[in-house]
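Student: Below are the structure tokens for one structure; questions will follow.
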Amino acid sequence: HLILGVAVAATGVAVLYGQMWARVTGVVIAMLSALVNLAFLAAYPLWSTMMIALDVLVIWALTVHGSEMKAARQRGY
């Protein structure tokens with residue numbers, strides 16, 4: 001868990017710098033998280049549903065608005 005947490009944090013920092021590899025990695029991690037939460041849907045229905053919804057929002061944000069961070073950094077914001 002610690003290694004995965006460090007990898008996710010590093011990916012998040014790289015997303016803020018507008019790196020394409022970080023956007024792809026973030027989408028993959030969110031997809032894996034959604035699949036894991038789908039497996040636990042029967043045991044924890046409310047928590048799993050909320051996490052799947054959050055994962056969908058993360059995937060949407062990274063795919064639709066991910067390039068905006070790179071453009072903002074180039075403009076100096």
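Residues in the structure tokens are named by chain (A, B, ... in the order shown) and by number from 1 within that chain; ligands are numbered from 1 in the order shown.
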Find the residues around A:Ala7 up to 12 Å (only C-alpha atoms counted), leave out those fewer than 6 positions away in its own chain, and share them as a PyMOL selection string.
Tutor: chain A and resi 1+13-14+22+25-26+29
Student: Near stretch 53-61 of chain A, within 9 Å and counting only C-alpha atoms, which residues show up once chain neighbours fewer than 4 positions away are dropped, as an MDAnalysis selection string?
Tutor: chainID A and resid 23 26:31 33:34 48:49 65:66
Student: What would the file look like if the residues just selected were written as a JSON list (two decimals), in the first residue's frame with C-alpha atoms?
Tutor:
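Generated file (selection-v2.json):
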```
[["chain", "number", "residue", "atom", "x", "y", "z"],
["A", 23, "ARG", "CA", -2.60, 11.20, -17.33],
["A", 26, "GLY", "CA", -3.95, 8.08, -13.61],
["A", 27, "VAL", "CA", -6.66, 6.69, -15.90],
["A", 28, "VAL", "CA", -5.27, 3.15, -15.52],
["A", 29, "ILE", "CA", -5.13, 3.47, -11.72],
["A", 30, "ALA", "CA", -8.70, 4.83, -11.61],
["A", 31, "MET", "CA", -9.91, 1.98, -13.84],
["A", 33, "SER", "CA", -9.78, 1.08, -8.54],
["A", 34, "ALA", "CA", -13.24, 0.95, -10.13],
["A", 48, "SER", "CA", -18.14, 1.01, -3.41],
["A", 49, "THR", "CA", -20.74, 3.03, -5.31],
["A", 65, "HIS", "CA", -9.31, 18.44, -19.03],
["A", 66, "GLY", "CA", -5.85, 16.93, -18.56]]
```
Student: In terms of the shortest atom-to-atom distance over only C-alpha atoms, which of A:Arg73, A:Leu46, A:Ala39, A:Ile52 is closest to A:Tyr17?
Tutor: A:Arg73
Student: Measuring atom to atom with only C-alpha atoms, identify which of A:Leu16, A:Gly76, A:Val24, A:Ile3 is nearest to A:Thr63.
Tutor: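 Under the stated criterion, the closest residue is A:Val24.
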Student: Just the number, please: distance in Å from atom CA of A:Ser67 to atom CA of A:Gly18, one decimal.
Tutor: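 Interatomic distance here is 6.4 Å.
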Student: Would you mind reading off the distance between atom CA of A:Arg75 and atom CA of A:Trp21, one decimal, in Å?
Tutor: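 Value for the atom CA of A:Arg75-atom CA of A:Trp21 distance: 21.0 Å.
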Student: Tell me, in Å to one decimal, how far atom CA of A:Gln74 is from atom CA of A:Gln19.
Tutor: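 Calculated distance between atom CA of A:Gln74 and atom CA of A:Gln19 is 12.4 Å.
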